[in-house]
Each structure stands twice: as C-alpha cells, then as structure tokens.
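To start, the structure itself, in structure tokens.
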Amino acid sequence: MIKEVHMPKLSPKSDQYFFGKWDKQPGDSVKTGDVLFEVETEKAISQVESQEDGTLKAQKVATGDTTKVGDLVATIEVA
Amino acid sequence: MTTNHQTSAPTKAPAKAPAKPSWLKVTYDQKKVDKMTDLLKGLKLNTVCAEANCPNLGECFGSGSASFIILGPNCTRACRFCDIPHGHPKDVDLLEPLRVAQATKKLGLTHVVVTSVDRDDLPDLGADQFVRTIHAIKKLNPKTTIEVLTPDFQGREDCLDKVIAAGPDVFNHNMETVRRVTPLVRNRATYDTSLHVLDYVKKHAPKNMYVKTGIMLGLGEKDEEVYQLMDDLRAIDVDFLTIGQYVQPGPKNYTLREWVPMSRYQEYYKQAMKRGFKFVASSPLVRSSYKAKEELEAVENK
C-alpha cells in the first residue's frame, strides 16, 4: 500500500517553509521515527520524522523549494 | 577581566542574514505535537511556546511540557526581538487561571511555568491574574512547583508584593540583554527597572523562593558588557541565569547580529558560575523556561 507524506505544520505562525534536504532516498527503508527530511522555518531547522514503516518510494519536492502545509512531499510503500 | 578569546560581536546589522547553524536542528513528531496543540486549544490556553514560535516546541510538546502565557495573546508592548503579537489587549478572562490549573493536572506537570504578555492597560498591570493563576494551580496541583516569568510591572512594588505573596517557587523576570542594547530592543522597559524588579523580589521574597533572569545573545553585546550584567545581577543576589541565542522571528524584528559560537556560551557559563550563581544554563537553545523543572531539581537536590 502506498502512503502519502504531507508537509506537517511546523510553525504555529506560518504555513510556508523552505525545504531543506532529504535524509532518505528513494528505495531506502524507513522506520517510524527516522528523520525523513529537514525543513527551514523562521526559527528552526525542523527534522521531520516518518510516521510509517516501509520503503521511500518517491520524493515530490527538492532542496530550496517553497512548500506549504499539506503539500505532498513523498510517498512511502508500506508492507 | 581576561578571557581566552576576542570578542567579535558585530554591532552593526549584517546585510544578509547568516545561514542557520546546525544546532538549530530540532526534531518534530507531528502526532505528539498535534495532541498537545489539541489539548491546549480545547482549554483555550495560549503557550509562549506557540506564540513565540519557539524552536524547542517539538521537543517540549513531544515530552508533554509547555509554558503557559496568560492575559494574551496580545501584548501592549512592541519589543523588537519578540514574536508575540502587539495589539489591542483583550478583557481579562477570569476562568483562565482555572484552565491553566486544569491543563497542569491533565499534563501531570510536576513543575509549571506561567508567563504573561505585558498589560500596561490594566490598573493592576496583570498582577492579580498571576495571583489567581498561582492559587488555582496550587489548589488543583498541591505538589507541583510553580515558576512565574513576569513583566516588569513598570517597577511597581505593589504588583510585585502581590505576586510574591502568592508564593511561586521561582520568580523569573528577564533582563533580556546588556545595558547598552536594552533601549535598542525593548519597548517601555529599562535595564534599571528590570534590575529593580529582581532586587525588590530578592529582598522581599522568602528565602526559599529563587530569583531568576535570562538574556539573549547575538544582539551585538560584547564580553565586558555581559560580565558587567553578571556583576549587576550578583550584586543583588540573583540566583539563576539563563543564556540563549536570539533567533530573529521575522524581517521586521531586530536584526540578528551573529550566531554566537559555542565556545562563548561555555566561557559565559564558567564566568557566571565563578560569580556565584546557584544555577546557570548557557547554550544556544536555552530559553527562560527550557527545562526549568530540571533546573529547580538540580538546585534543590544539592
């Protein structure tokens, strides 16, 4: 089954962030709690953790992209 | 005073914002943060964590800890470093103290931090709401220790007397920065008024009530100015000092002068401990209420 990963709300004050970098590449196995990617908000660099166990299937955004809360960021193949 | 390093703090604003250092990396577990946010929303409570967009929010909310901000969300002052909305203040919510007490109980907090926005519009400047909140917390959570982080109350001693009498365990009021930088970043607050607040509280509070203050780095302060501040604080016997990095909330706020290197936090820690503070927290992500519980425990168990 494919699960979609959407941009979480990382800052109480804004809904638009700079996408930092990927910590997992397509094909990598991911576990719940693994850092998937980093996002730059006004006051921090947030490391977003996976909420699923599975394999990272596709990255939908790239470093430097501006992303909004709710945007599709990645897909994970869950067994 | 001699130190091993040269002060390089630029006092002028840099043309371009320097890149965020790696220590600003924080983890974020959305499920845990959402759970906390829902609970706080349900009780119609504000936290300084969310209002000031704190970088530690993920960690603190994730571990079930939060610092409540009462009398908000709007502040009557517009300090240039601060992210809390400046605007027309709302009516005092007399049920807010009870909700803070209920949230404290629901979260099972053994130490709770209560701060407020500035309320220069109120005849009591907000002191009575602190008193009501302390009383409510004590009633519902008799074992929980209470830390207040108050405004300067314009230096009014009647306000300070009321809050002292309510009996918090820790009385915190932030100096925010060194004397020279104060008028550049604070609004209607002065270095001397804040020193007076701390001095008055220390002189009039019972011996077992700790007096605490905090400052931000990266505003262009110099070593000797920080050491002067430490001396000023020790001259009035302030117990705890927190030192953390200023992170500019947005383009309209006071421009960040520098990301202060870790070596300077370590030097300040040493210098502060040498001067006799009971507890010093000095690290980039330290905030006034960050790990306040651990701080109090460390001192009490000595």
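Labels used: A, B, ... for chains in the order of the structure tokens, numbers from 1 for residues in each chain, and numbers from 1 for ligands as shown.
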Residues of region 63-245 of chain B in strand (DSSP E), written as a ChimeraX atom specification:
/B:67-70,111-116,145-149,170-172,210-217,240-245
For chain B, list the residues within 12 Å of chain A, counting only C-alpha atoms, and write the list as an mmCIF file with N, CA, C and O atoms, in the first residue's frame.
data_model
loop_
_atom_site.group_PDB
_atom_site.id
_atom_site.type_symbol
_atom_site.label_atom_id
_atom_site.label_comp_id
_atom_site.auth_asym_id
_atom_site.auth_seq_id
_atom_site.Cartn_x
_atom_site.Cartn_y
_atom_site.Cartn_z
ATOM 1 N N ALA B 17 21.150 37.871 6.064
ATOM 2 C CA ALA B 17 21.025 37.006 7.235
ATOM 3 C C ALA B 17 21.965 35.815 7.103
ATOM 4 O O ALA B 17 21.974 35.146 6.069
ATOM 5 N N ALA B 19 23.375 32.065 7.457
ATOM 6 C CA ALA B 19 22.670 30.773 7.405
ATOM 7 C C ALA B 19 22.475 30.210 8.806
ATOM 8 O O ALA B 19 23.299 30.432 9.697
ATOM 9 N N LYS B 20 21.399 29.496 8.995
ATOM 10 C CA LYS B 20 21.118 28.919 10.308
ATOM 11 C C LYS B 20 22.162 27.845 10.630
ATOM 12 O O LYS B 20 22.452 26.984 9.814
ATOM 13 N N PRO B 21 22.692 27.884 11.858
ATOM 14 C CA PRO B 21 23.691 26.870 12.245
ATOM 15 C C PRO B 21 23.026 25.522 12.501
ATOM 16 O O PRO B 21 21.821 25.437 12.716
ATOM 17 N N SER B 22 23.849 24.463 12.496
ATOM 18 C CA SER B 22 23.289 23.113 12.572
ATOM 19 C C SER B 22 22.626 22.824 13.926
ATOM 20 O O SER B 22 21.735 21.985 14.005
ATOM 21 N N TRP B 23 23.052 23.535 14.979
ATOM 22 C CA TRP B 23 22.419 23.247 16.275
ATOM 23 C C TRP B 23 20.970 23.709 16.321
ATOM 24 O O TRP B 23 20.237 23.399 17.251
ATOM 25 N N LEU B 24 20.533 24.466 15.332
ATOM 26 C CA LEU B 24 19.119 24.861 15.300
ATOM 27 C C LEU B 24 18.233 23.742 14.768
ATOM 28 O O LEU B 24 17.051 23.919 14.578
ATOM 29 N N LYS B 25 18.864 22.588 14.504
ATOM 30 C CA LYS B 25 18.084 21.437 14.048
ATOM 31 C C LYS B 25 17.300 20.866 15.211
ATOM 32 O O LYS B 25 17.863 20.542 16.253
ATOM 33 N N VAL B 26 16.014 20.751 15.002
ATOM 34 C CA VAL B 26 15.175 20.186 16.055
ATOM 35 C C VAL B 26 14.284 19.102 15.439
ATOM 36 O O VAL B 26 13.944 19.176 14.268
ATOM 37 N N THR B 27 13.942 18.106 16.243
ATOM 38 C CA THR B 27 13.077 17.061 15.706
ATOM 39 C C THR B 27 11.622 17.385 15.998
ATOM 40 O O THR B 27 11.301 18.153 16.894
ATOM 41 N N TYR B 28 10.789 16.789 15.229
ATOM 42 C CA TYR B 28 9.398 17.159 15.261
ATOM 43 C C TYR B 28 8.549 15.925 15.009
ATOM 44 O O TYR B 28 8.604 15.325 13.960
ATOM 45 N N ASP B 29 7.784 15.532 16.002
ATOM 46 C CA ASP B 29 6.876 14.402 15.850
ATOM 47 C C ASP B 29 5.462 14.966 15.800
ATOM 48 O O ASP B 29 4.903 15.377 16.810
ATOM 49 N N GLN B 30 4.922 14.969 14.606
ATOM 50 C CA GLN B 30 3.659 15.677 14.417
ATOM 51 C C GLN B 30 2.539 15.144 15.294
ATOM 52 O O GLN B 30 1.749 15.913 15.834
ATOM 53 N N LYS B 31 2.480 13.826 15.449
ATOM 54 C CA LYS B 31 1.373 13.250 16.231
ATOM 55 C C LYS B 31 1.382 13.776 17.659
ATOM 56 O O LYS B 31 0.353 14.163 18.205
ATOM 57 N N LYS B 32 2.574 13.795 18.251
ATOM 58 C CA LYS B 32 2.683 14.260 19.643
ATOM 59 C C LYS B 32 2.383 15.748 19.758
ATOM 60 O O LYS B 32 1.735 16.202 20.700
ATOM 61 N N VAL B 33 2.895 16.511 18.796
ATOM 62 C CA VAL B 33 2.667 17.959 18.840
ATOM 63 C C VAL B 33 1.185 18.264 18.634
ATOM 64 O O VAL B 33 0.607 19.105 19.331
ATOM 65 N N ASP B 34 0.551 17.537 17.697
ATOM 66 C CA ASP B 34 -0.882 17.740 17.458
ATOM 67 C C ASP B 34 -1.704 17.447 18.705
ATOM 68 O O ASP B 34 -2.660 18.155 19.014
ATOM 69 N N THR B 37 -1.316 20.332 21.023
ATOM 70 C CA THR B 37 -1.984 21.510 20.484
ATOM 71 C C THR B 37 -3.500 21.393 20.668
ATOM 72 O O THR B 37 -4.161 22.373 21.041
ATOM 73 N N ASN B 46 -3.174 29.749 25.830
ATOM 74 C CA ASN B 46 -2.035 30.128 24.994
ATOM 75 C C ASN B 46 -0.751 29.682 25.667
ATOM 76 O O ASN B 46 -0.644 29.690 26.891
ATOM 77 N N THR B 47 0.210 29.296 24.843
ATOM 78 C CA THR B 47 1.533 28.987 25.381
ATOM 79 C C THR B 47 2.524 29.960 24.764
ATOM 80 O O THR B 47 2.351 30.400 23.630
ATOM 81 N N VAL B 48 3.566 30.259 25.515
ATOM 82 C CA VAL B 48 4.621 31.101 24.967
ATOM 83 C C VAL B 48 5.350 30.304 23.894
ATOM 84 O O VAL B 48 5.900 30.854 22.949
ATOM 85 N N CYS B 49 5.293 28.981 24.016
ATOM 86 C CA CYS B 49 5.928 28.088 23.055
ATOM 87 C C CYS B 49 5.406 28.366 21.646
ATOM 88 O O CYS B 49 6.168 28.545 20.705
ATOM 89 N N ALA B 50 4.075 28.388 21.514
ATOM 90 C CA ALA B 50 3.467 28.607 20.203
ATOM 91 C C ALA B 50 3.453 30.090 19.836
ATOM 92 O O ALA B 50 3.743 30.456 18.701
ATOM 93 N N GLU B 51 3.132 30.942 20.795
ATOM 94 C CA GLU B 51 3.021 32.371 20.499
ATOM 95 C C GLU B 51 4.360 32.951 20.041
ATOM 96 O O GLU B 51 4.416 33.829 19.206
ATOM 97 N N ALA B 52 5.440 32.464 20.638
ATOM 98 C CA ALA B 52 6.755 32.974 20.259
ATOM 99 C C ALA B 52 7.446 32.046 19.262
ATOM 100 O O ALA B 52 8.601 32.253 18.929
ATOM 101 N N ASN B 53 6.701 31.018 18.818
ATOM 102 C CA ASN B 53 7.235 30.155 17.760
ATOM 103 C C ASN B 53 8.579 29.537 18.169
ATOM 104 O O ASN B 53 9.555 29.593 17.424
ATOM 105 N N CYS B 54 8.618 28.976 19.348
ATOM 106 C CA CYS B 54 9.890 28.524 19.925
ATOM 107 C C CYS B 54 10.471 27.327 19.184
ATOM 108 O O CYS B 54 9.759 26.380 18.859
ATOM 109 N N PRO B 55 11.785 27.346 18.916
ATOM 110 C CA PRO B 55 12.404 26.202 18.238
ATOM 111 C C PRO B 55 12.354 24.914 19.058
ATOM 112 O O PRO B 55 12.495 23.825 18.514
ATOM 113 N N ASN B 56 12.158 25.030 20.361
ATOM 114 C CA ASN B 56 12.110 23.832 21.206
ATOM 115 C C ASN B 56 10.711 23.224 21.302
ATOM 116 O O ASN B 56 10.507 22.247 22.030
ATOM 117 N N LEU B 57 9.757 23.815 20.606
ATOM 118 C CA LEU B 57 8.369 23.374 20.752
ATOM 119 C C LEU B 57 8.196 21.877 20.513
ATOM 120 O O LEU B 57 7.519 21.192 21.278
ATOM 121 N N GLY B 58 8.833 21.375 19.455
ATOM 122 C CA GLY B 58 8.708 19.954 19.145
ATOM 123 C C GLY B 58 9.162 19.082 20.300
ATOM 124 O O GLY B 58 8.491 18.129 20.678
ATOM 125 N N GLU B 59 10.289 19.444 20.875
ATOM 126 C CA GLU B 59 10.829 18.652 21.990
ATOM 127 C C GLU B 59 9.934 18.742 23.223
ATOM 128 O O GLU B 59 9.590 17.739 23.837
ATOM 129 N N CYS B 82 10.819 40.389 19.828
ATOM 130 C CA CYS B 82 9.774 39.452 20.254
ATOM 131 C C CYS B 82 8.783 39.152 19.145
ATOM 132 O O CYS B 82 8.468 39.981 18.311
ATOM 133 N N ASP B 83 8.256 37.922 19.185
ATOM 134 C CA ASP B 83 7.347 37.433 18.153
ATOM 135 C C ASP B 83 5.894 37.440 18.623
ATOM 136 O O ASP B 83 4.991 37.085 17.880
ATOM 137 N N ILE B 84 5.672 37.808 19.863
ATOM 138 C CA ILE B 84 4.308 37.795 20.404
ATOM 139 C C ILE B 84 3.543 38.992 19.843
ATOM 140 O O ILE B 84 4.079 40.094 19.778
ATOM 141 N N PRO B 85 2.296 38.772 19.394
ATOM 142 C CA PRO B 85 1.590 39.872 18.733
ATOM 143 C C PRO B 85 1.398 41.098 19.622
ATOM 144 O O PRO B 85 1.041 40.972 20.790
ATOM 145 N N GLN B 245 20.533 31.786 22.555
ATOM 146 C CA GLN B 245 20.709 32.518 21.299
ATOM 147 C C GLN B 245 19.414 33.201 20.853
ATOM 148 O O GLN B 245 18.361 32.574 20.814
ATOM 149 N N TYR B 246 19.501 34.472 20.485
ATOM 150 C CA TYR B 246 18.383 35.178 19.841
ATOM 151 C C TYR B 246 18.208 34.610 18.439
ATOM 152 O O TYR B 246 19.183 34.430 17.710
ATOM 153 N N VAL B 247 16.975 34.311 18.082
ATOM 154 C CA VAL B 247 16.656 33.902 16.719
ATOM 155 C C VAL B 247 15.641 34.913 16.192
ATOM 156 O O VAL B 247 14.579 35.081 16.781
ATOM 157 N N GLN B 248 15.995 35.593 15.135
ATOM 158 C CA GLN B 248 15.133 36.666 14.629
ATOM 159 C C GLN B 248 13.809 36.095 14.117
ATOM 160 O O GLN B 248 13.794 35.280 13.202
ATOM 161 N N PRO B 249 12.697 36.553 14.701
ATOM 162 C CA PRO B 249 11.416 35.960 14.325
ATOM 163 C C PRO B 249 10.990 36.268 12.891
ATOM 164 O O PRO B 249 10.335 35.462 12.247
ATOM 165 N N GLY B 250 11.328 37.446 12.394
ATOM 166 C CA GLY B 250 10.900 37.816 11.046
ATOM 167 C C GLY B 250 11.669 39.028 10.570
ATOM 168 O O GLY B 250 12.441 39.625 11.327
ATOM 169 N N PRO B 251 11.457 39.425 9.315
ATOM 170 C CA PRO B 251 12.250 40.517 8.739
ATOM 171 C C PRO B 251 12.056 41.869 9.437
ATOM 172 O O PRO B 251 12.938 42.726 9.373
ATOM 173 N N ASN B 253 11.744 42.315 12.672
ATOM 174 C CA ASN B 253 12.313 42.333 14.018
ATOM 175 C C ASN B 253 13.759 42.814 14.004
ATOM 176 O O ASN B 253 14.367 42.958 12.948
ATOM 177 N N LEU B 256 19.366 40.092 13.609
ATOM 178 C CA LEU B 256 20.346 39.229 14.270
ATOM 179 C C LEU B 256 21.744 39.709 13.917
ATOM 180 O O LEU B 256 22.057 39.931 12.747
ATOM 181 N N PRO B 284 22.987 27.579 23.111
ATOM 182 C CA PRO B 284 22.176 28.287 22.121
ATOM 183 C C PRO B 284 20.662 28.110 22.248
ATOM 184 O O PRO B 284 19.913 29.065 22.139
ATOM 185 N N LEU B 285 20.211 26.891 22.500
ATOM 186 C CA LEU B 285 18.758 26.666 22.506
ATOM 187 C C LEU B 285 18.106 26.866 23.871
ATOM 188 O O LEU B 285 16.921 26.616 24.050
#
What's around region 55-70 of chain A at 6 Å? Count only C-alpha atoms, leave out sequence neighbours fewer than 3 positions away in its own chain, and write the answer as number ranges by chain.
A: 6-9, 15-21, 26-30, 73-77
Contacts of Met175 (chain B) within 12 Å, only C-alpha atoms, excl. fewer than 4 positions in-chain, as number ranges by chain:
B: 149-152, 179-183, 185-186, 189-198, 212-217, 226, 229-230, 232-233, 238, 241-243, 288
Leaving out Arg119 (chain B) and any residue of its chain fewer than 3 positions from it, which residues lie within 10 Å of it when counting only C-alpha atoms, given as a ChimeraX atom specification?
/B:71-72,74-77,89-90,92,116,122-127,151,153
Prev. selection, all heavy atoms, output as a short mmCIF file (atom, residue, chain, number, x, y, z; two decimals), in the first residue's frame:
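To be explicit, this is the file written out as result39.cif:
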data_model
loop_
_atom_site.label_atom_id
_atom_site.label_comp_id
_atom_site.auth_asym_id
_atom_site.auth_seq_id
_atom_site.Cartn_x
_atom_site.Cartn_y
_atom_site.Cartn_z
N LEU B 71 -3.21 36.16 29.99
CA LEU B 71 -3.60 37.55 29.69
C LEU B 71 -3.38 37.93 28.23
O LEU B 71 -3.37 39.10 27.88
CB LEU B 71 -2.86 38.54 30.60
CG LEU B 71 -3.21 38.48 32.08
CD1 LEU B 71 -2.16 39.22 32.91
CD2 LEU B 71 -4.59 39.07 32.34
N GLY B 72 -3.17 36.91 27.38
CA GLY B 72 -2.87 37.18 25.98
C GLY B 72 -4.05 36.96 25.06
O GLY B 72 -5.18 36.90 25.53
N ASN B 74 -2.49 39.12 22.98
CA ASN B 74 -1.88 40.38 22.55
C ASN B 74 -1.14 41.10 23.67
O ASN B 74 -1.59 41.13 24.80
CB ASN B 74 -2.95 41.32 21.98
CG ASN B 74 -3.54 40.78 20.69
OD1 ASN B 74 -2.89 40.00 20.01
ND2 ASN B 74 -4.75 41.17 20.38
N CYS B 75 -0.02 41.69 23.31
CA CYS B 75 0.84 42.38 24.27
C CYS B 75 0.75 43.88 24.05
O CYS B 75 0.61 44.34 22.92
CB CYS B 75 2.28 41.91 24.08
SG CYS B 75 3.44 42.55 25.29
N THR B 76 0.84 44.64 25.14
CA THR B 76 0.75 46.10 25.00
C THR B 76 2.10 46.72 24.64
O THR B 76 2.20 47.93 24.48
CB THR B 76 0.22 46.76 26.29
OG1 THR B 76 1.01 46.31 27.39
CG2 THR B 76 -1.24 46.39 26.52
N ARG B 77 3.13 45.91 24.59
CA ARG B 77 4.45 46.46 24.22
C ARG B 77 4.93 45.81 22.92
O ARG B 77 4.53 44.69 22.60
CB ARG B 77 5.48 46.22 25.32
CG ARG B 77 5.11 46.94 26.60
CD ARG B 77 6.20 46.87 27.64
NE ARG B 77 5.69 47.34 28.92
CZ ARG B 77 6.40 47.36 30.04
NH1 ARG B 77 7.64 46.92 30.04
NH2 ARG B 77 5.87 47.80 31.16
N PRO B 89 -5.29 44.79 23.67
CA PRO B 89 -5.44 43.69 24.63
C PRO B 89 -6.90 43.29 24.83
O PRO B 89 -7.80 44.11 24.69
CB PRO B 89 -4.84 44.26 25.91
CG PRO B 89 -4.88 45.73 25.76
CD PRO B 89 -4.87 46.04 24.29
N LYS B 90 -7.09 42.04 25.17
CA LYS B 90 -8.45 41.51 25.39
C LYS B 90 -8.84 41.67 26.86
O LYS B 90 -7.99 41.91 27.72
CB LYS B 90 -8.46 40.02 25.02
CG LYS B 90 -8.05 39.76 23.57
CD LYS B 90 -9.05 38.84 22.88
CE LYS B 90 -8.99 38.96 21.37
NZ LYS B 90 -7.78 38.42 20.76
N VAL B 92 -9.79 40.66 30.58
CA VAL B 92 -9.21 39.62 31.43
C VAL B 92 -10.21 38.48 31.56
O VAL B 92 -11.38 38.70 31.85
CB VAL B 92 -8.86 40.20 32.83
CG1 VAL B 92 -8.36 39.08 33.75
CG2 VAL B 92 -7.80 41.28 32.69
N SER B 116 3.29 35.90 31.11
CA SER B 116 2.17 36.70 30.59
C SER B 116 2.69 37.68 29.56
O SER B 116 3.89 37.93 29.47
CB SER B 116 1.48 37.47 31.71
OG SER B 116 2.23 38.62 32.05
N LEU B 122 -4.04 47.60 32.19
CA LEU B 122 -4.82 47.22 33.37
C LEU B 122 -4.36 47.99 34.61
O LEU B 122 -3.16 48.23 34.77
CB LEU B 122 -4.68 45.72 33.64
CG LEU B 122 -5.18 44.77 32.55
CD1 LEU B 122 -4.81 43.32 32.90
CD2 LEU B 122 -6.69 44.90 32.36
N PRO B 123 -5.29 48.34 35.48
CA PRO B 123 -4.89 49.07 36.71
C PRO B 123 -3.87 48.29 37.54
O PRO B 123 -2.97 48.87 38.14
CB PRO B 123 -6.20 49.23 37.48
CG PRO B 123 -7.29 49.02 36.48
CD PRO B 123 -6.75 48.15 35.39
N ASP B 124 -4.00 46.95 37.56
CA ASP B 124 -3.05 46.13 38.33
C ASP B 124 -1.92 45.60 37.46
O ASP B 124 -1.10 44.80 37.91
CB ASP B 124 -3.79 44.97 39.01
CG ASP B 124 -4.29 43.94 38.00
OD1 ASP B 124 -4.07 44.12 36.77
OD2 ASP B 124 -4.90 42.95 38.41
N LEU B 125 -1.87 46.02 36.20
CA LEU B 125 -0.84 45.62 35.23
C LEU B 125 -0.77 44.10 35.04
O LEU B 125 0.23 43.57 34.55
CB LEU B 125 0.54 46.18 35.64
CG LEU B 125 0.60 47.69 35.84
CD1 LEU B 125 1.99 48.12 36.32
CD2 LEU B 125 0.22 48.46 34.57
N GLY B 126 -1.82 43.42 35.47
CA GLY B 126 -1.87 41.96 35.27
C GLY B 126 -1.44 41.15 36.48
O GLY B 126 -1.51 39.93 36.47
N ALA B 127 -1.05 41.82 37.55
CA ALA B 127 -0.53 41.11 38.73
C ALA B 127 -1.58 40.19 39.35
O ALA B 127 -1.28 39.07 39.76
CB ALA B 127 -0.01 42.10 39.76
N PRO B 151 6.27 40.32 33.70
CA PRO B 151 6.67 41.59 33.13
C PRO B 151 7.36 42.44 34.20
O PRO B 151 7.44 42.01 35.36
CB PRO B 151 5.36 42.24 32.72
CG PRO B 151 4.28 41.24 32.91
CD PRO B 151 4.81 40.21 33.85
N PHE B 153 6.10 45.07 35.42
CA PHE B 153 5.04 45.77 36.17
C PHE B 153 5.40 47.25 36.36
O PHE B 153 5.07 47.84 37.37
CB PHE B 153 4.79 45.12 37.53
CG PHE B 153 4.25 43.71 37.47
CD1 PHE B 153 4.91 42.67 38.10
CD2 PHE B 153 3.07 43.42 36.78
CE1 PHE B 153 4.42 41.37 38.04
CE2 PHE B 153 2.58 42.11 36.73
CZ PHE B 153 3.26 41.09 37.36
#
Please report the interatomic distance between CA of Lys24 (chain A) and CA of Glu52 (chain A) in Å with one decimal.
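If I compute the distance from CA of Lys24 (chain A) to CA of Glu52 (chain A), I get 13.2 Å.
Proximity to Pro206 (chain B) at 12 Å, evaluated using only C-alpha atoms and with sequence-adjacent residues fewer than 3 positions away removed, yields Asp161, Ile164, Ala165, Ala166, Gly167, Pro168, Asp169, Val170, Phe171, Tyr200, Val201, Lys202, Lys203, Met209, Tyr210 and Val211 of chain B.
Running DSSP on the backbone gives helix (DSSP H, G or I) for these residues within region 178-211 of chain B: Thr182, Pro183, Leu184, Val185, Tyr191, Asp192, Thr193, Ser194, Leu195, His196, Val197, Leu198, Asp199, Tyr200, Val201, Lys202, Lys203 and His204 of chain B.
Taking CA of Gln102 (chain B) as the reference point, CA of Ala136 (chain B) is found at 8.7 Å.
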Set the distance at 12 Å and use only C-alpha atoms: which residues neighbour Ala103 (chain B) once local chain neighbours fewer than 5 positions away are removed? I'd like the list as an MDAnalysis selection string.
chainID B and resid 36:47 64:68 96:98 108:110 112:114 133 136:137 140:141
